[in-house]
Amino acid sequence: MVALSVETLGVTLGGRRAVEGVSANFAPGGLVGIIGPNGAGKSTLVRAMLGLVEPSAGDVRLDGAPIAGLRRAEIARLLAYLPQGQVLHWPLAVERVVALGRLPLLTPMSRLAAADLEAVDRAMARADVTHLRGRVATELSGGERARVLLARALAQESSALIVDEPLAALDPGHQIEIMDLLRAQAAAGQLVIAVLHDLSLAARYCDRLLLLDGGRLVADGTPDAVLTPERLAQTFGVRAWFGSDGGVPLIVPTARIGG
Ligand SMILES: Nc1ncnc2c1ncn2[C@@H]1O[C@H](COP(=O)(O)OP(=O)(O)OP(=O)(O)O)[C@@H](O)[C@H]1O
């Protein structure tokens, strides 16, 4: 179990405020989406939540303790992170890539124990990549690679999982698979936070959405409450069609306002 809180957080990058005055609390067992236009500050916010960038104002707390004071190994026990646009450079077998997820939990010079190997097996099964375990990771398709990278984050078996644009470059089938997996993780008690661009999938899968614009949190609530025509116009500058198919919400941007 982990409680993650962000209090009047500000982050300045290259002299510009990338995140400003953001406050939010996160509890285990839900799927939280972070949405907003390009440059809204989504990645910067999650990086600050992981202690990877230093706040210029406010703070981030993990189980009540300022994250700035925690060691990286302590943070890794609680938080797993799948960064945006991760690429694999080394021709490692899938199983070894997934096992890298256990590294933050090992003491220096120690080797993977039986419990670590079991966690790797569980993560591969959840991400449906067990059949790929012997394949060279750099030779996989984009969708297979995305699932392997997610399996690496799952192998950490941390209390919270933070994924930044996990659906980028995936076909619709793989997008649904990944969202199903994230929801299953949340249902199993993990706090899952995902930066997303697809508004229909965000509305369909997330319990809660945080909408950022210009570094500020402009809405925080259920998808129904957050995703209104007015907000989409104000933040994304789009008109959108709202509908549903058998209870599955659909939000289709139809026109750029003023474009
Ligand atoms: N290293 C950096 N130096 C200076 N400015 C930065 C740096 N990284 C990000 N920024 C700026 O901070 C703002 C927020 O960037 P961020 O990557 O958090 O946005 P985002 O919402 O994740 O965008 P996208 O949807 O395009 O990935 C942007 O204006 C960006 O140009």
# chains A, B, ... in the order shown; residues from 1 in each chain; ligands from 1
>>> residues_near_ligand(ligand="ligand 1", cutoff="10 Å", atoms="only C-alpha atoms and all ligand atoms", output="PyMOL selection string")
chain A and resi 11-19+34-48+53+84-85+164-165+195-197+211-215
>>> write_last_selection(atoms="N, CA and C atoms", output="JSON list (two decimals), in the first residue's frame")
[["chain", "number", "residue", "atom", "x", "y", "z"],
["A", 11, "VAL", "N", 7.34, 23.09, -10.88],
["A", 11, "VAL", "CA", 8.61, 22.62, -11.45],
["A", 11, "VAL", "C", 9.01, 23.62, -12.54],
["A", 12, "THR", "N", 10.24, 24.12, -12.44],
["A", 12, "THR", "CA", 10.76, 25.05, -13.45],
["A", 12, "THR", "C", 11.83, 24.33, -14.25],
["A", 13, "LEU", "N", 11.67, 24.36, -15.57],
["A", 13, "LEU", "CA", 12.66, 23.72, -16.45],
["A", 13, "LEU", "C", 13.15, 24.75, -17.45],
["A", 14, "GLY", "N", 14.45, 24.90, -17.56],
["A", 14, "GLY", "CA", 15.00, 25.86, -18.52],
["A", 14, "GLY", "C", 14.43, 27.26, -18.34],
["A", 15, "GLY", "N", 14.17, 27.61, -17.07],
["A", 15, "GLY", "CA", 13.67, 28.95, -16.79],
["A", 15, "GLY", "C", 12.17, 29.12, -16.99],
["A", 16, "ARG", "N", 11.49, 28.04, -17.42],
["A", 16, "ARG", "CA", 10.04, 28.13, -17.64],
["A", 16, "ARG", "C", 9.30, 27.25, -16.66],
["A", 17, "ARG", "N", 8.15, 27.71, -16.20],
["A", 17, "ARG", "CA", 7.32, 26.91, -15.29],
["A", 17, "ARG", "C", 6.62, 25.81, -16.08],
["A", 18, "ALA", "N", 7.03, 24.55, -15.89],
["A", 18, "ALA", "CA", 6.41, 23.43, -16.61],
["A", 18, "ALA", "C", 5.21, 22.91, -15.83],
["A", 19, "VAL", "N", 5.27, 23.02, -14.48],
["A", 19, "VAL", "CA", 4.17, 22.61, -13.62],
["A", 19, "VAL", "C", 4.00, 23.70, -12.57],
["A", 34, "ILE", "N", -3.80, 10.82, -16.52],
["A", 34, "ILE", "CA", -3.38, 12.22, -16.60],
["A", 34, "ILE", "C", -3.46, 12.60, -18.07],
["A", 35, "ILE", "N", -4.28, 13.58, -18.36],
["A", 35, "ILE", "CA", -4.49, 14.00, -19.75],
["A", 35, "ILE", "C", -4.20, 15.49, -19.89],
["A", 36, "GLY", "N", -4.09, 15.93, -21.12],
["A", 36, "GLY", "CA", -3.85, 17.35, -21.39],
["A", 36, "GLY", "C", -3.13, 17.49, -22.71],
["A", 37, "PRO", "N", -3.15, 18.69, -23.27],
["A", 37, "PRO", "CA", -2.50, 18.88, -24.57],
["A", 37, "PRO", "C", -0.98, 18.74, -24.50],
["A", 38, "ASN", "N", -0.35, 18.65, -25.64],
["A", 38, "ASN", "CA", 1.12, 18.58, -25.69],
["A", 38, "ASN", "C", 1.70, 19.78, -24.93],
["A", 39, "GLY", "N", 2.72, 19.48, -24.13],
["A", 39, "GLY", "CA", 3.39, 20.56, -23.39],
["A", 39, "GLY", "C", 2.66, 20.99, -22.14],
["A", 40, "ALA", "N", 1.57, 20.28, -21.77],
["A", 40, "ALA", "CA", 0.76, 20.69, -20.61],
["A", 40, "ALA", "C", 1.49, 20.46, -19.28],
["A", 41, "GLY", "N", 2.52, 19.61, -19.31],
["A", 41, "GLY", "CA", 3.26, 19.34, -18.08],
["A", 41, "GLY", "C", 3.04, 17.95, -17.51],
["A", 42, "LYS", "N", 2.43, 17.06, -18.29],
["A", 42, "LYS", "CA", 2.08, 15.72, -17.80],
["A", 42, "LYS", "C", 3.33, 14.92, -17.42],
["A", 43, "SER", "N", 4.29, 14.84, -18.37],
["A", 43, "SER", "CA", 5.50, 14.06, -18.09],
["A", 43, "SER", "C", 6.30, 14.69, -16.96],
["A", 44, "THR", "N", 6.34, 16.01, -16.93],
["A", 44, "THR", "CA", 7.09, 16.68, -15.86],
["A", 44, "THR", "C", 6.44, 16.38, -14.51],
["A", 45, "LEU", "N", 5.12, 16.39, -14.47],
["A", 45, "LEU", "CA", 4.43, 16.07, -13.21],
["A", 45, "LEU", "C", 4.77, 14.66, -12.75],
["A", 46, "VAL", "N", 4.69, 13.68, -13.65],
["A", 46, "VAL", "CA", 4.97, 12.30, -13.19],
["A", 46, "VAL", "C", 6.45, 12.14, -12.83],
["A", 47, "ARG", "N", 7.32, 12.82, -13.54],
["A", 47, "ARG", "CA", 8.75, 12.72, -13.20],
["A", 47, "ARG", "C", 9.00, 13.34, -11.81],
["A", 48, "ALA", "N", 8.29, 14.41, -11.51],
["A", 48, "ALA", "CA", 8.43, 15.01, -10.17],
["A", 48, "ALA", "C", 7.85, 14.07, -9.11],
["A", 53, "VAL", "N", 12.73, 14.81, -11.03],
["A", 53, "VAL", "CA", 13.05, 16.24, -11.21],
["A", 53, "VAL", "C", 12.73, 16.95, -9.89],
["A", 84, "GLN", "N", 8.05, 7.64, -21.05],
["A", 84, "GLN", "CA", 7.54, 7.88, -22.39],
["A", 84, "GLN", "C", 8.59, 7.46, -23.42],
["A", 85, "GLY", "N", 8.14, 6.79, -24.49],
["A", 85, "GLY", "CA", 9.01, 6.51, -25.64],
["A", 85, "GLY", "C", 10.26, 5.71, -25.33],
["A", 164, "ASP", "N", 3.92, 6.43, -18.68],
["A", 164, "ASP", "CA", 3.80, 7.66, -19.45],
["A", 164, "ASP", "C", 3.57, 7.30, -20.93],
["A", 165, "GLU", "N", 2.37, 7.55, -21.40],
["A", 165, "GLU", "CA", 1.97, 7.24, -22.77],
["A", 165, "GLU", "C", 2.27, 5.80, -23.17],
["A", 195, "VAL", "N", -0.33, 8.41, -18.09],
["A", 195, "VAL", "CA", -0.47, 9.57, -18.97],
["A", 195, "VAL", "C", -1.05, 9.06, -20.29],
["A", 196, "LEU", "N", -2.16, 9.64, -20.69],
["A", 196, "LEU", "CA", -2.88, 9.14, -21.87],
["A", 196, "LEU", "C", -3.24, 10.28, -22.81],
["A", 197, "HIS", "N", -3.32, 9.97, -24.10],
["A", 197, "HIS", "CA", -3.80, 10.96, -25.07],
["A", 197, "HIS", "C", -5.17, 10.60, -25.64],
["A", 211, "LEU", "N", -6.77, 16.63, -15.47],
["A", 211, "LEU", "CA", -6.58, 17.35, -16.73],
["A", 211, "LEU", "C", -5.63, 18.52, -16.48],
["A", 212, "LEU", "N", -4.52, 18.51, -17.19],
["A", 212, "LEU", "CA", -3.52, 19.58, -17.06],
["A", 212, "LEU", "C", -3.58, 20.47, -18.28],
["A", 213, "ASP", "N", -3.31, 21.74, -18.05],
["A", 213, "ASP", "CA", -3.19, 22.69, -19.17],
["A", 213, "ASP", "C", -2.24, 23.80, -18.73],
["A", 214, "GLY", "N", -1.23, 24.04, -19.53],
["A", 214, "GLY", "CA", -0.27, 25.09, -19.19],
["A", 214, "GLY", "C", 0.39, 24.88, -17.84],
["A", 215, "GLY", "N", 0.61, 23.62, -17.48],
["A", 215, "GLY", "CA", 1.28, 23.31, -16.21],
["A", 215, "GLY", "C", 0.35, 23.28, -15.01]]
>>> closest_atom_pairs(of="range 157-216 of chain A", to="range 125-131 of chain A", cutoff="9 Å", atoms="only C-alpha atoms", output="CSV")
residue,atom,partner,partner_atom,distance
A:Glu177,CA,A:Ala127,CA,8.8
A:Ile178,CA,A:Ala127,CA,8.0
A:Leu181,CA,A:Ala127,CA,7.1
>>> write_last_selection(atoms="C-alpha atoms", output="PDB file, in the first residue's frame")
ATOM      1  CA  GLU A 177      -4.921  -5.105 -24.171  1.00  0.00           C
ATOM      2  CA  ILE A 178      -2.672  -2.671 -22.318  1.00  0.00           C
ATOM      3  CA  LEU A 181      -3.944  -4.948 -18.076  1.00  0.00           C
TER       4      LEU A 181
END
>>> select_by_dssp(residues="range 56-123 of chain A", states="helix (DSSP H, G or I)", output="ChimeraX atom specification")
/A:67-69,72-78,94-105,114-123
>>> closest_residue(among="A:Val22, A:Ile176, A:Ala137, A:Val120", to="Leu103 in chain A", atoms="only C-alpha atoms")
A:Val120
>>> residues_around(residues="Ala68 in chain A", least_positions_apart="5", cutoff="8 Å", atoms="only C-alpha atoms", output="list in words")
Gly51, Glu54 and Val60 of chain A
>>> write_last_selection(atoms="N, CA and C atoms", output="short mmCIF file (atom, residue, chain, number, x, y, z; two decimals), in the first residue's frame")
data_model
loop_
_atom_site.label_atom_id
_atom_site.label_comp_id
_atom_site.auth_asym_id
_atom_site.auth_seq_id
_atom_site.Cartn_x
_atom_site.Cartn_y
_atom_site.Cartn_z
N GLY A 51 10.34 11.68 -8.09
CA GLY A 51 11.58 12.23 -7.54
C GLY A 51 12.67 12.38 -8.59
N GLU A 54 13.52 17.96 -9.63
CA GLU A 54 13.39 18.65 -8.34
C GLU A 54 12.31 19.73 -8.44
N VAL A 60 6.46 16.55 -2.96
CA VAL A 60 5.83 15.26 -3.24
C VAL A 60 6.12 14.37 -2.05
#
>>> select_by_dssp(residues="range 57-243 of chain A", states="strand (DSSP E)", output="PyMOL selection string")
chain A and resi 57-62+65-66+79-82+160-164+191-195+208-213+216-221+238-243
>>> write_last_selection(atoms="N, CA and C atoms", output="tab-separated table (two decimals), in the first residue's frame")
chain	number	residue	atom	x	y	z
A	57	ALA	N	8.81	24.47	-6.20
A	57	ALA	CA	7.86	24.87	-5.15
A	57	ALA	C	7.07	23.64	-4.73
A	58	GLY	N	6.58	23.64	-3.49
A	58	GLY	CA	5.76	22.55	-2.99
A	58	GLY	C	6.56	21.27	-2.82
A	59	ASP	N	5.87	20.17	-2.61
A	59	ASP	CA	6.61	18.91	-2.50
A	59	ASP	C	5.76	17.69	-2.87
A	60	VAL	N	6.46	16.55	-2.96
A	60	VAL	CA	5.83	15.26	-3.24
A	60	VAL	C	6.12	14.37	-2.05
A	61	ARG	N	5.09	13.71	-1.55
A	61	ARG	CA	5.27	12.83	-0.39
A	61	ARG	C	4.84	11.41	-0.73
A	62	LEU	N	5.65	10.49	-0.24
A	62	LEU	CA	5.39	9.08	-0.42
A	62	LEU	C	5.17	8.50	0.97
A	65	ALA	N	6.30	10.85	3.65
A	65	ALA	CA	7.69	11.31	3.73
A	65	ALA	C	8.05	12.05	2.44
A	66	PRO	N	8.73	13.22	2.55
A	66	PRO	CA	9.11	13.94	1.33
A	66	PRO	C	9.99	13.05	0.45
A	79	LEU	N	7.45	2.54	-6.13
A	79	LEU	CA	6.99	3.08	-7.42
A	79	LEU	C	7.72	2.44	-8.58
A	80	ALA	N	6.97	1.94	-9.55
A	80	ALA	CA	7.59	1.50	-10.81
A	80	ALA	C	7.21	2.50	-11.90
A	81	TYR	N	8.08	2.68	-12.86
A	81	TYR	CA	7.90	3.75	-13.85
A	81	TYR	C	8.20	3.23	-15.24
A	82	LEU	N	7.27	3.46	-16.15
A	82	LEU	CA	7.52	3.20	-17.57
A	82	LEU	C	7.57	4.55	-18.26
A	160	ALA	N	2.88	1.08	-6.52
A	160	ALA	CA	2.30	1.97	-7.54
A	160	ALA	C	3.04	1.80	-8.86
A	161	LEU	N	2.30	1.98	-9.94
A	161	LEU	CA	2.87	1.86	-11.28
A	161	LEU	C	2.51	3.15	-12.03
A	162	ILE	N	3.54	3.82	-12.54
A	162	ILE	CA	3.31	5.07	-13.26
A	162	ILE	C	3.79	4.89	-14.69
A	163	VAL	N	2.89	5.03	-15.65
A	163	VAL	CA	3.25	4.78	-17.04
A	163	VAL	C	2.95	6.02	-17.88
A	164	ASP	N	3.92	6.43	-18.68
A	164	ASP	CA	3.80	7.66	-19.45
A	164	ASP	C	3.57	7.30	-20.93
A	191	LEU	N	-1.84	1.06	-7.19
A	191	LEU	CA	-2.17	2.41	-7.67
A	191	LEU	C	-1.56	2.53	-9.06
A	192	VAL	N	-2.38	2.78	-10.06
A	192	VAL	CA	-1.88	2.88	-11.43
A	192	VAL	C	-2.19	4.28	-11.97
A	193	ILE	N	-1.15	4.96	-12.40
A	193	ILE	CA	-1.29	6.31	-12.95
A	193	ILE	C	-0.75	6.27	-14.38
A	194	ALA	N	-1.58	6.68	-15.34
A	194	ALA	CA	-1.18	6.59	-16.74
A	194	ALA	C	-1.38	7.93	-17.44
A	195	VAL	N	-0.33	8.41	-18.09
A	195	VAL	CA	-0.47	9.57	-18.97
A	195	VAL	C	-1.05	9.06	-20.29
A	208	ARG	N	-10.49	7.94	-12.46
A	208	ARG	CA	-10.31	9.37	-12.16
A	208	ARG	C	-9.39	9.96	-13.22
A	209	LEU	N	-9.67	11.20	-13.59
A	209	LEU	CA	-8.81	11.88	-14.57
A	209	LEU	C	-8.31	13.20	-13.99
A	210	LEU	N	-7.03	13.48	-14.24
A	210	LEU	CA	-6.47	14.79	-13.94
A	210	LEU	C	-6.20	15.45	-15.29
A	211	LEU	N	-6.77	16.63	-15.47
A	211	LEU	CA	-6.58	17.35	-16.73
A	211	LEU	C	-5.63	18.52	-16.48
A	212	LEU	N	-4.52	18.51	-17.19
A	212	LEU	CA	-3.52	19.58	-17.06
A	212	LEU	C	-3.58	20.47	-18.28
A	213	ASP	N	-3.31	21.74	-18.05
A	213	ASP	CA	-3.19	22.69	-19.17
A	213	ASP	C	-2.24	23.80	-18.73
A	216	ARG	N	-0.88	23.73	-15.20
A	216	ARG	CA	-1.83	23.78	-14.08
A	216	ARG	C	-2.85	22.65	-14.15
A	217	LEU	N	-3.32	22.24	-12.98
A	217	LEU	CA	-4.38	21.22	-12.91
A	217	LEU	C	-5.71	21.95	-13.08
A	218	VAL	N	-6.39	21.72	-14.20
A	218	VAL	CA	-7.64	22.46	-14.44
A	218	VAL	C	-8.87	21.63	-14.08
A	219	ALA	N	-8.73	20.30	-13.93
A	219	ALA	CA	-9.86	19.49	-13.49
A	219	ALA	C	-9.34	18.18	-12.91
A	220	ASP	N	-10.04	17.67	-11.92
A	220	ASP	CA	-9.65	16.43	-11.24
A	220	ASP	C	-10.94	15.77	-10.78
A	221	GLY	N	-11.30	14.64	-11.39
A	221	GLY	CA	-12.55	14.00	-11.00
A	221	GLY	C	-12.83	12.80	-11.87
A	238	VAL	N	-10.52	21.89	-29.25
A	238	VAL	CA	-11.26	21.06	-30.22
A	238	VAL	C	-12.75	20.98	-29.87
A	239	ARG	N	-13.53	20.80	-30.93
A	239	ARG	CA	-14.91	20.39	-30.76
A	239	ARG	C	-14.90	18.87	-30.80
A	240	ALA	N	-15.80	18.24	-30.04
A	240	ALA	CA	-15.77	16.78	-30.01
A	240	ALA	C	-17.17	16.21	-30.04
A	241	TRP	N	-17.26	15.01	-30.60
A	241	TRP	CA	-18.52	14.26	-30.60
A	241	TRP	C	-18.48	13.29	-29.43
A	242	PHE	N	-19.54	13.32	-28.62
A	242	PHE	CA	-19.63	12.43	-27.47
A	242	PHE	C	-20.70	11.38	-27.76
A	243	GLY	N	-20.38	10.13	-27.60
A	243	GLY	CA	-21.37	9.08	-27.81
A	243	GLY	C	-21.02	7.86	-26.99
